[in-house]
>>> print(open('data_0.cif').read())   # mmCIF, C-alpha atoms and all ligand atoms
data_start
loop_
_atom_site.label_atom_id
_atom_site.label_comp_id
_atom_site.auth_asym_id
_atom_site.auth_seq_id
_atom_site.Cartn_x
_atom_site.Cartn_y
_atom_site.Cartn_z
CA MET A 9 -28.62 0.08 9.42
CA ALA A 10 -25.33 -1.39 8.29
CA ILE A 11 -23.84 -4.15 10.40
CA VAL A 12 -20.58 -2.98 11.85
CA PRO A 13 -17.87 -5.61 11.44
CA ARG A 14 -16.23 -7.36 14.34
CA GLN A 15 -12.87 -5.65 14.41
CA HIS A 16 -12.42 -1.94 14.99
CA ILE A 17 -10.27 -0.35 12.31
CA THR A 18 -8.30 2.56 13.70
CA GLN A 19 -6.52 5.20 11.63
CA GLN A 20 -3.31 3.93 13.19
CA LYS A 21 -3.95 0.45 11.76
CA ILE A 22 -4.53 1.88 8.30
CA ALA A 23 -1.37 3.99 8.51
CA GLU A 24 0.66 0.93 9.54
CA HIS A 25 -0.81 -1.08 6.69
CA VAL A 26 0.24 1.60 4.19
CA GLN A 27 3.73 1.75 5.63
CA ARG A 28 4.06 -2.05 5.47
CA LEU A 29 2.92 -2.12 1.83
CA GLY A 30 5.57 0.43 0.93
CA GLU A 31 8.28 -1.59 2.65
CA LEU A 32 7.21 -5.02 1.41
CA TYR A 33 6.45 -4.16 -2.18
CA PRO A 34 8.73 -1.73 -3.95
CA PRO A 35 7.51 -0.95 -7.50
CA ILE A 36 8.42 -3.80 -9.87
CA ARG A 37 11.33 -2.83 -12.06
CA LEU A 38 11.07 -3.27 -15.82
CA ASP A 39 14.47 -4.97 -15.89
CA SER A 40 13.36 -7.60 -13.38
CA VAL A 41 11.13 -9.13 -16.06
CA ASP A 42 12.19 -12.16 -18.07
CA ARG A 43 10.81 -11.40 -21.53
CA THR A 44 10.96 -14.99 -22.78
CA ILE A 45 7.74 -15.96 -24.51
CA LYS A 46 7.65 -19.53 -25.77
CA ARG A 47 4.70 -19.24 -28.12
CA PRO A 48 3.88 -15.55 -28.62
CA TRP A 49 1.23 -16.24 -31.27
CA LEU A 50 -0.66 -18.54 -28.91
CA VAL A 51 -0.42 -16.17 -25.94
CA ALA A 52 -1.61 -13.34 -28.20
CA LYS A 53 -4.49 -15.42 -29.53
CA LYS A 54 -5.69 -16.54 -26.12
CA PHE A 55 -4.91 -13.60 -23.88
CA GLY A 56 -3.86 -10.70 -26.11
CA HIS A 57 -7.01 -8.66 -25.58
CA VAL A 58 -6.99 -9.39 -21.82
CA ILE A 59 -3.44 -8.06 -21.54
CA ASP A 60 -4.42 -5.02 -23.67
CA TYR A 61 -7.28 -4.31 -21.27
CA LEU A 62 -5.24 -4.74 -18.12
CA ALA A 63 -2.36 -2.64 -19.47
CA ARG A 64 -4.70 0.24 -20.34
CA VAL A 65 -6.46 0.12 -16.98
CA GLU A 66 -3.20 0.05 -15.05
CA LEU A 67 -1.85 2.99 -17.06
CA GLU A 68 -4.99 4.95 -16.26
CA VAL A 69 -3.72 5.20 -12.68
CA ASP A 70 -2.44 8.66 -13.54
CA ARG A 71 -5.98 9.79 -14.32
CA ASN A 72 -7.19 8.13 -11.13
CA VAL A 73 -4.68 10.19 -9.17
CA LEU A 74 -5.96 13.39 -10.83
CA GLU A 75 -9.51 12.34 -10.02
CA LEU A 76 -8.80 11.86 -6.41
CA LEU A 77 -6.90 15.13 -6.14
CA VAL A 78 -10.05 16.78 -7.47
CA LEU A 79 -12.45 14.71 -5.38
CA LEU A 80 -10.52 14.69 -2.14
CA PRO A 81 -8.95 18.13 -1.76
CA ASP A 82 -8.59 17.50 1.98
CA ALA A 83 -6.96 14.05 1.86
CA ASP A 84 -5.09 13.22 5.05
CA ASP A 85 -1.46 12.10 5.30
CA THR A 86 -2.25 8.37 5.22
CA ASN A 87 -4.23 8.80 2.03
CA LYS A 88 -1.55 10.97 0.47
CA THR A 89 1.16 8.44 1.36
CA PHE A 90 -0.95 5.62 -0.02
CA TYR A 91 -1.68 7.10 -3.41
CA GLY A 92 1.56 9.05 -3.79
CA ASP A 93 4.19 6.67 -2.43
CA VAL A 94 2.63 3.22 -2.69
CA TRP A 95 -0.30 2.86 -5.02
CA GLN A 96 0.57 5.05 -8.01
CA PRO A 97 4.24 3.94 -8.19
CA GLN A 98 3.18 0.27 -8.06
CA GLU A 99 0.29 0.55 -10.53
CA ILE A 100 2.20 2.54 -13.13
CA GLN A 101 4.85 -0.20 -13.23
CA HIS A 102 2.10 -2.80 -13.68
CA GLY A 103 0.92 -0.75 -16.64
CA LEU A 104 4.36 -0.26 -18.18
CA ILE A 105 5.28 -3.93 -17.80
CA LEU A 106 2.00 -5.16 -19.29
CA ASP A 107 2.19 -2.58 -22.07
CA ARG A 108 5.64 -3.85 -23.02
CA LEU A 109 4.34 -7.43 -22.89
CA GLN A 110 1.52 -6.59 -25.27
CA GLN A 111 4.01 -5.02 -27.66
CA ASP A 112 6.29 -8.07 -27.34
CA LEU A 113 3.25 -10.04 -28.46
CA GLY A 114 3.02 -7.86 -31.56
CA ARG A 115 0.04 -5.83 -30.39
CA THR A 116 -0.31 -2.07 -30.38
CA ALA A 117 0.59 -0.01 -27.34
CA ALA A 118 -2.15 0.85 -24.87
CA GLU A 119 -3.98 4.14 -25.15
CA PRO A 120 -5.08 5.04 -21.65
CA GLU A 121 -7.91 7.54 -21.14
CA LEU A 122 -6.24 10.31 -19.19
CA GLU A 123 -8.87 13.06 -19.45
CA LEU A 124 -11.02 13.78 -16.43
CA SER A 125 -14.70 13.26 -17.12
CA PHE A 126 -17.18 16.12 -16.85
CA GLY A 127 -18.98 14.35 -13.99
CA ILE A 128 -15.80 14.23 -11.92
CA LYS A 129 -15.17 17.93 -12.50
CA ILE A 130 -18.69 18.78 -11.29
CA LEU A 131 -18.36 16.55 -8.25
CA GLY A 132 -14.94 18.06 -7.64
CA ALA A 133 -16.45 21.54 -7.51
CA LEU A 134 -18.92 20.33 -4.89
CA ALA A 135 -16.36 18.33 -2.97
CA HIS A 136 -15.15 21.43 -1.18
CA LEU A 137 -18.32 21.22 0.92
CA LYS A 138 -17.53 18.99 3.88
CA PRO A 139 -20.62 16.73 3.71
CA ILE A 140 -20.05 16.15 0.00
CA GLN A 141 -16.36 15.54 0.59
CA GLU A 142 -17.30 12.80 3.07
CA ILE A 143 -19.60 11.15 0.54
CA ALA A 144 -16.94 11.43 -2.17
CA LYS A 145 -14.43 9.83 0.15
CA LEU A 146 -16.61 6.83 0.92
CA MET A 147 -17.42 6.46 -2.79
CA TYR A 148 -13.71 6.56 -3.59
CA PHE A 149 -12.92 3.83 -1.05
CA LEU A 150 -15.81 1.64 -2.22
CA THR A 151 -14.76 2.05 -5.85
CA GLY A 152 -11.20 1.17 -4.88
CA ALA A 153 -12.28 -1.96 -3.01
CA SER A 154 -14.42 -3.12 -5.91
CA THR A 155 -11.84 -2.45 -8.63
CA GLU A 156 -8.92 -3.95 -6.71
CA ARG A 157 -10.97 -7.06 -6.01
CA GLN A 158 -11.64 -7.36 -9.75
CA ALA A 159 -7.91 -7.01 -10.38
CA VAL A 160 -7.09 -9.78 -7.88
CA LEU A 161 -9.59 -12.15 -9.51
CA ALA A 162 -8.43 -11.35 -13.04
CA TYR A 163 -4.73 -11.81 -12.25
CA ASN A 164 -5.41 -15.12 -10.50
CA LYS A 165 -7.21 -16.41 -13.57
CA ILE A 166 -4.72 -15.15 -16.12
CA ASN A 167 -1.86 -16.55 -14.09
CA ARG A 168 -3.41 -19.98 -14.17
CA GLY A 169 -3.92 -19.59 -17.92
CA MET A 170 -0.24 -18.68 -18.47
CA GLN A 171 0.88 -21.64 -16.38
CA GLU A 172 -1.32 -23.97 -18.43
CA LEU A 173 0.30 -22.62 -21.58
CA GLY A 174 3.72 -23.29 -20.05
CA GLU A 175 4.62 -19.58 -20.20
CA THR A 176 6.65 -19.71 -17.00
CA ALA A 177 8.53 -16.44 -17.50
CA ILE A 178 5.31 -14.44 -17.94
CA SER A 179 3.71 -16.16 -14.99
CA GLU A 180 6.66 -15.91 -12.64
CA THR A 181 8.19 -12.55 -13.52
CA ILE A 182 5.13 -10.56 -14.61
CA ILE A 183 1.78 -11.82 -13.37
CA THR A 184 2.84 -13.25 -10.00
CA PRO A 185 4.69 -10.12 -8.80
CA ILE A 186 1.82 -7.89 -9.98
CA LYS A 187 -0.76 -10.18 -8.40
CA GLN A 188 1.03 -9.99 -5.05
CA GLN A 189 0.58 -6.24 -4.90
CA GLU A 190 -3.16 -6.03 -5.54
CA PRO A 191 -4.55 -7.56 -2.29
CA GLY A 192 -2.77 -4.88 -0.24
CA HIS A 193 -4.52 -2.18 -2.27
CA PHE A 194 -7.83 -3.92 -1.74
CA ALA A 195 -7.19 -4.14 2.01
CA PHE A 196 -6.42 -0.41 2.19
CA TYR A 197 -9.74 0.56 0.58
CA GLN A 198 -11.69 -2.01 2.55
CA MET A 199 -10.22 -0.85 5.86
CA SER A 200 -10.70 2.82 5.01
CA ALA A 201 -14.35 2.38 4.01
CA THR A 202 -15.04 0.21 7.05
CA ALA A 203 -13.49 2.79 9.40
CA MET A 204 -15.75 5.52 7.99
CA ILE A 205 -18.84 3.43 8.76
CA GLN A 206 -17.61 2.27 12.18
CA ASP A 207 -16.78 5.83 13.19
CA LYS A 208 -20.18 7.02 11.90
CA VAL A 209 -18.55 9.75 9.83
CA LEU A 210 -21.61 9.97 7.57
CA ARG A 211 -25.08 11.00 8.68
CA PRO A 212 -28.05 8.92 7.48
CA TRP A 213 -28.84 11.34 4.61
CA GLN A 214 -25.24 11.11 3.42
CA LEU A 215 -25.36 7.33 3.46
CA PHE A 216 -28.64 7.45 1.59
CA LEU A 217 -27.07 9.68 -1.06
CA THR A 218 -24.04 7.39 -1.27
CA ARG A 219 -26.33 4.43 -1.99
CA VAL A 220 -28.16 6.39 -4.68
CA MET A 221 -24.90 7.49 -6.27
CA ARG A 222 -23.45 3.98 -6.21
CA GLU A 223 -26.59 2.75 -7.95
CA LYS A 224 -26.36 5.46 -10.59
CA SER A 225 -22.64 5.48 -11.21
CA TYR A 226 -21.33 1.98 -10.54
CA HIS A 227 -19.11 0.69 -13.31
CA LEU A 228 -16.72 -2.20 -13.74
CA VAL A 229 -13.00 -1.59 -13.67
CA GLY A 230 -11.74 0.29 -16.72
CA THR A 231 -15.09 0.67 -18.49
CA ASN A 232 -15.13 4.44 -18.00
CA HIS A 233 -18.90 4.44 -18.72
CA MET A 234 -18.14 3.72 -22.39
CA ARG A 235 -19.84 1.03 -24.49
CA ARG A 236 -16.73 -0.22 -26.21
CA TYR A 237 -14.85 -0.70 -22.96
CA LYS A 238 -17.87 -2.40 -21.41
CA ALA A 239 -17.89 -4.83 -24.33
CA ASP A 240 -14.11 -5.31 -23.97
CA MET A 241 -14.63 -6.09 -20.29
CA GLY A 242 -17.27 -8.66 -21.26
CA GLY A 243 -14.61 -10.24 -23.48
CA VAL A 244 -12.11 -10.27 -20.64
CA MET A 245 -14.66 -11.97 -18.41
CA ALA A 246 -15.50 -14.54 -21.09
CA THR A 247 -11.84 -15.40 -21.71
CA LEU A 248 -11.08 -15.74 -18.02
CA GLY A 249 -14.23 -17.77 -17.36
CA LEU A 250 -15.57 -15.12 -15.00
CA ASP A 251 -18.90 -15.14 -16.84
CA ASP A 252 -19.72 -18.71 -15.74
CA ASP A 253 -21.20 -17.57 -12.45
CA LEU A 254 -22.08 -13.90 -12.62
CA GLU A 255 -23.89 -13.93 -9.29
CA GLY A 256 -20.90 -15.47 -7.54
CA TYR A 257 -18.68 -12.85 -9.16
CA ALA A 258 -21.05 -10.05 -8.10
CA ARG A 259 -20.91 -11.40 -4.56
CA GLU A 260 -17.10 -11.33 -4.57
CA VAL A 261 -16.77 -7.91 -6.11
CA GLY A 262 -19.58 -6.38 -4.07
CA ARG A 263 -18.81 -7.88 -0.67
CA VAL A 264 -17.44 -4.73 0.94
CA GLU A 265 -20.20 -2.38 -0.11
CA HIS A 266 -22.85 -4.96 0.55
CA ARG A 267 -21.66 -5.23 4.14
CA LEU A 268 -21.20 -1.50 4.65
CA LEU A 269 -24.14 -0.01 2.75
CA TRP A 270 -26.79 -2.65 2.23
CA ALA A 271 -26.68 -5.06 5.18
CA HIS A 272 -30.13 -3.84 6.31
CA LYS A 273 -31.72 -5.10 3.09
CA GLN A 274 -33.18 -8.51 3.84
CA GLY A 275 -32.47 -11.16 1.26
CA MET A 276 -30.02 -9.09 -0.79
CA GLU A 277 -26.83 -11.04 -1.43
CA PHE A 278 -25.00 -8.35 -3.38
CA PRO A 279 -25.89 -4.89 -4.63
CA PRO A 280 -28.10 -5.51 -7.69
CA TYR A 281 -26.38 -2.77 -9.72
CA ILE A 282 -23.19 -4.84 -9.72
CA LEU A 283 -24.87 -7.82 -11.34
CA LYS A 284 -26.55 -5.43 -13.78
CA ALA A 285 -23.17 -4.00 -14.82
CA LEU A 286 -21.72 -7.51 -15.25
CA LYS A 287 -24.65 -8.64 -17.37
CA GLU A 288 -24.47 -5.51 -19.50
CA SER A 289 -20.78 -6.09 -20.26
CA VAL A 290 -21.31 -9.73 -21.15
CA GLU A 291 -24.28 -8.85 -23.38
CA LEU A 292 -22.41 -6.08 -25.20
CA TYR A 293 -19.55 -8.48 -25.84
CA ARG A 294 -21.93 -11.14 -27.20
CA GLU A 295 -23.60 -8.57 -29.45
CA ARG A 296 -20.20 -7.61 -30.77
CA LEU A 297 -19.38 -11.26 -31.44
CA GLU A 298 -22.61 -11.61 -33.38
CA ARG A 299 -21.65 -8.66 -35.49
CA GLY A 300 -18.45 -10.53 -36.25
CA LEU A 301 -16.05 -8.18 -34.53
CA LYS A 302 -14.17 -10.05 -31.89
CA PHE A 303 -12.37 -7.11 -30.36
CA ALA A 304 -12.90 -3.74 -31.92
FE FE B 1 -2.34 -3.08 -10.58
FE FE B 2 -4.13 -2.25 -7.54
#
>>> encode(input="data_0.cif", output="structure tokens", more="lines below")
Ligand SMILES: [Fe+2]
Ligand SMILES: [Fe+2]
Amino acid sequence: MAIVPRQHITQQKIAEHVQRLGELYPPIRLDSVDRTIKRPWLVAKKFGHVIDYLARVELEVDRNVLELLVLLPDADDTNKTFYGDVWQPQEIQHGLILDRLQQDLGRTAAEPELELSFGIKILGALAHLKPIQEIAKLMYFLTGASTERQAVLAYNKINRGMQELGETAISETIITPIKQQEPGHFAFYQMSATAMIQDKVLRPWQLFLTRVMREKSYHLVGTNHMRRYKADMGGVMATLGLDDDLEGYAREVGRVEHRLLWAHKQGMEFPPYILKALKESVELYRERLERGLKFA
């Protein structure tokens, strides 16, 4: 079965982490941003579509909150404090700041997908059953860990890109402050998922079902199971150079769930469905390029 990590994660530790995040990182204010852009046309050409993607995904936090209200009707106080007082207020500012940046670059405003999918509604109806609720909770934490890790990697890369372009204001007053807030989100999900495994909250059949559902439903951040967003994500990866080593990227993004769900699988370095999702995005983007549409 899964290898239990060295350090025991108590609920107290998670609660303290959430409290610390709230104290250390108040939501970034729109008026704290220096809107100087030295060469807007060049920033737009190189990173416009990446900023569009990130802005949309960050603004979709409001749908994510609805999803988790549906999926986790019995969320405890730590979870409620995290998503209500820390995570949503931080992420929505990321979205608003990036959305304004994309408009400063002459691009159209983001159109976040705010409708709950049918699948979530079905799962939500089942989530009132305790064993399903427990599975949904672990899935939610694993999804969070994977998406926040993707955010950390993307912001690191785009920050370097902005610095290379000499766009100091964007780097220092937009990307750096945003980038500082993502690792704390990642740590919350990682700790929460780890605690569920350490405390043996799920029975073997529930873990089995979680693995099956991860295999069936895994998707990269912001793709919402839609072809056009998958292709967009492939474009983001290509621009940021994340497609150079897809296996290395899969290892990074899948580390938490590999350790918690798949450690018993000899020779597996990362969950194969993660690499599959990465390859699919890159291929859809290349297909789109061949058709002559850079970003539809
Ligand atoms: Fe964010
Ligand atoms: Fe985040």
>>> closest_residue(input="data_0.cif", among="A:Glu265, A:Gly256, A:Asp42, A:Asp70", to="Phe149 of chain A", atoms="only C-alpha atoms")
A:Glu265
>>> residues_around(input="data_0.cif", residues="Arg222 of chain A", least_positions_apart="2", cutoff="9 Å", atoms="all atoms listed in the file", output="JSON, numbers by chain")
{"A": [147, 150, 151, 217, 218, 219, 220, 224, 225, 226, 227, 281]}
>>> residues_near_ligand(input="data_0.cif", ligand="ligand FE 1 (chain B)", cutoff="6 Å", atoms="all atoms listed in the file", output="list in words")
Glu66, Glu99, His102 and Glu190 of chain A
>>> closest_residue(input="data_0.cif", among="A:Val51, A:Tyr148, A:Ala118, A:Leu254", to="Glu68 of chain A", atoms="all atoms listed in the file")
A:Ala118
>>> residues_near_point(input="data_0.cif", point="(-14.4, 5.7, -20.8)", cutoff="10 Å", atoms="all atoms listed in the file", output="list in words")
Pro120, Glu121, Leu122, Glu123, Leu124, Ser125, Gly230, Thr231, Asn232, His233, Met234, Arg235, Arg236, Tyr237 and Lys238 of chain A
>>> residues_near_ligand(input="data_0.cif", ligand="ligand FE 2 (chain B)", cutoff="7 Å", atoms="all atoms listed in the file", output="tab-separated table (two decimals) with C-alpha atoms, keeping the file's coordinate frame")
chain	number	residue	atom	x	y	z
A	95	TRP	CA	-0.30	2.86	-5.02
A	99	GLU	CA	0.29	0.55	-10.53
A	156	GLU	CA	-8.92	-3.95	-6.71
A	159	ALA	CA	-7.91	-7.01	-10.38
A	189	GLN	CA	0.58	-6.24	-4.90
A	190	GLU	CA	-3.16	-6.03	-5.54
A	193	HIS	CA	-4.52	-2.18	-2.27
>>> closest_residue(input="data_0.cif", among="A:Val41, A:Val160, A:Ile186, A:Leu292", to="Glu260 of chain A", atoms="all atoms listed in the file")
A:Val160
>>> atom_distance(input="data_0.cif", atom1="atom CA of His266 of chain A", atom2="atom CA of Leu74 of chain A")
27.4 Å
>>> closest_residue(input="data_0.cif", among="A:Val26, A:Ala285, A:Ala239, A:Leu113", to="Tyr257 of chain A", atoms="all atoms listed in the file")
A:Ala285
>>> atom_distance(input="data_0.cif", atom1="atom CA of Ala258 of chain A", atom2="atom CA of Arg157 of chain A")
10.7 Å
>>> residues_around(input="data_0.cif", residues="Gln141 of chain A", least_positions_apart="5", cutoff="7 Å", atoms="all atoms listed in the file", output="PyMOL selection string")
chain A and resi 80+135-136
>>> write_last_selection(input="data_0.cif", atoms="C-alpha atoms", output="PDB file, keeping the file's coordinate frame")
ATOM      1  CA  LEU A  80     -10.520  14.690  -2.140  1.00  0.00           C
ATOM      2  CA  ALA A 135     -16.360  18.330  -2.970  1.00  0.00           C
ATOM      3  CA  HIS A 136     -15.150  21.430  -1.180  1.00  0.00           C
TER       4      HIS A 136
END
>>> decode(input="data_0.cif", residues="segment 72-94 of chain A", atoms="C-alpha atoms", output="mmCIF file, in the first residue's frame")
data_model
loop_
_atom_site.group_PDB
_atom_site.id
_atom_site.type_symbol
_atom_site.label_atom_id
_atom_site.label_comp_id
_atom_site.auth_asym_id
_atom_site.auth_seq_id
_atom_site.Cartn_x
_atom_site.Cartn_y
_atom_site.Cartn_z
ATOM 1 C CA ASN A 72 -14.110 26.190 -7.837
ATOM 2 C CA VAL A 73 -15.649 27.471 -4.614
ATOM 3 C CA LEU A 74 -19.132 26.470 -5.830
ATOM 4 C CA GLU A 75 -17.770 23.055 -6.774
ATOM 5 C CA LEU A 76 -16.351 22.435 -3.401
ATOM 6 C CA LEU A 77 -19.488 23.617 -1.639
ATOM 7 C CA VAL A 78 -21.322 20.988 -3.674
ATOM 8 C CA LEU A 79 -18.677 18.297 -3.263
ATOM 9 C CA LEU A 80 -17.845 18.866 0.371
ATOM 10 C CA PRO A 81 -21.106 19.692 2.143
ATOM 11 C CA ASP A 82 -19.496 18.706 5.462
ATOM 12 C CA ALA A 83 -16.269 20.731 5.176
ATOM 13 C CA ASP A 84 -14.668 21.374 8.558
ATOM 14 C CA ASP A 85 -13.655 24.775 9.951
ATOM 15 C CA THR A 86 -10.066 24.597 8.691
ATOM 16 C CA ASN A 87 -11.270 23.906 5.166
ATOM 17 C CA LYS A 88 -13.883 26.649 5.362
ATOM 18 C CA THR A 89 -11.304 29.149 6.626
ATOM 19 C CA PHE A 90 -8.893 28.122 3.904
ATOM 20 C CA TYR A 91 -11.217 28.513 0.952
ATOM 21 C CA GLY A 92 -13.307 31.348 2.365
ATOM 22 C CA ASP A 93 -10.742 33.593 4.043
ATOM 23 C CA VAL A 94 -7.445 32.740 2.384
#
